[in-house]
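Take a look at the structure set out below.
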Amino acid sequence: MEQRYAHEISRQFGVAVESPVDPFNRQAHRGGFGLRVAPSARATEEFFAAWRSDLPKVRKEAVACRDYVMSKMI
């Protein structure tokens, strides 16, 4: 709101818009984000095949359950 509508709010209502988050706690922009390209069908199949083969070898049962549910949802 501060960046997008500050001028319009100031013009219409005569008040300056200030962020409720102080500058110290604001999120910092970490650089330019490029276009994200989805993995190929082959890479996706290889990923899930490796995931399936590693699932029985997981040391913690809770992690195995989580991964199993995630793989079924996807």
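All residue names refer to the structure tokens as shown: chains lettered A, B, ... in order, residues numbered from 1 in each chain, ligands numbered from 1 in order.
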12 Å contact set for region 39-51 of chain A, only C-alpha atoms, chain neighbours under 6 positions out, as a list in words: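 Answer for this query is Lys57, Val58, Ala64, Asp67, Tyr68, Met70, Ser71, Lys72 and Ile74 of chain A.
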Output of the above residues as an mmCIF file, in the first residue's frame, restricted to N, CA, C and O atoms:
```cif
data_model
loop_
_atom_site.group_PDB
_atom_site.id
_atom_site.type_symbol
_atom_site.label_atom_id
_atom_site.label_comp_id
_atom_site.auth_asym_id
_atom_site.auth_seq_id
_atom_site.Cartn_x
_atom_site.Cartn_y
_atom_site.Cartn_z
ATOM 1 N N LYS A 57 13.786 -47.085 2.905
ATOM 2 C CA LYS A 57 15.047 -47.002 3.640
ATOM 3 C C LYS A 57 15.101 -45.848 4.644
ATOM 4 O O LYS A 57 16.116 -45.661 5.294
ATOM 5 N N VAL A 58 14.014 -45.098 4.773
ATOM 6 C CA VAL A 58 14.006 -43.933 5.669
ATOM 7 C C VAL A 58 14.106 -44.410 7.115
ATOM 8 O O VAL A 58 13.447 -45.371 7.514
ATOM 9 N N ALA A 64 8.882 -41.131 6.841
ATOM 10 C CA ALA A 64 8.402 -42.031 5.794
ATOM 11 C C ALA A 64 6.907 -41.821 5.549
ATOM 12 O O ALA A 64 6.465 -41.780 4.397
ATOM 13 N N ASP A 67 6.441 -38.494 3.703
ATOM 14 C CA ASP A 67 6.850 -38.601 2.307
ATOM 15 C C ASP A 67 5.882 -39.453 1.498
ATOM 16 O O ASP A 67 5.592 -39.157 0.335
ATOM 17 N N TYR A 68 5.357 -40.505 2.109
ATOM 18 C CA TYR A 68 4.389 -41.360 1.427
ATOM 19 C C TYR A 68 3.124 -40.566 1.089
ATOM 20 O O TYR A 68 2.632 -40.613 -0.035
ATOM 21 N N MET A 70 2.827 -37.311 0.826
ATOM 22 C CA MET A 70 3.173 -36.299 -0.165
ATOM 23 C C MET A 70 3.231 -36.908 -1.568
ATOM 24 O O MET A 70 2.730 -36.331 -2.532
ATOM 25 N N SER A 71 3.834 -38.082 -1.675
ATOM 26 C CA SER A 71 3.958 -38.712 -2.986
ATOM 27 C C SER A 71 2.600 -39.126 -3.532
ATOM 28 O O SER A 71 2.344 -39.057 -4.731
ATOM 29 N N LYS A 72 1.694 -39.551 -2.654
ATOM 30 C CA LYS A 72 0.352 -39.931 -3.094
ATOM 31 C C LYS A 72 -0.467 -38.704 -3.514
ATOM 32 O O LYS A 72 -1.261 -38.768 -4.442
ATOM 33 N N ILE A 74 0.724 -35.937 -4.801
ATOM 34 C CA ILE A 74 1.256 -35.392 -6.043
ATOM 35 C C ILE A 74 0.924 -36.338 -7.167
ATOM 36 O O ILE A 74 0.529 -36.002 -8.214
#
```
Could you work out how far CA of Arg4 (chain A) lies from CA of Val17 (chain A), giving the answer in Å with one decimal? 10.3 Å
One decimal, Å: what's the distance from CA of Lys60 (chain A) over to CA of Met73 (chain A), could you say? 20.2 Å
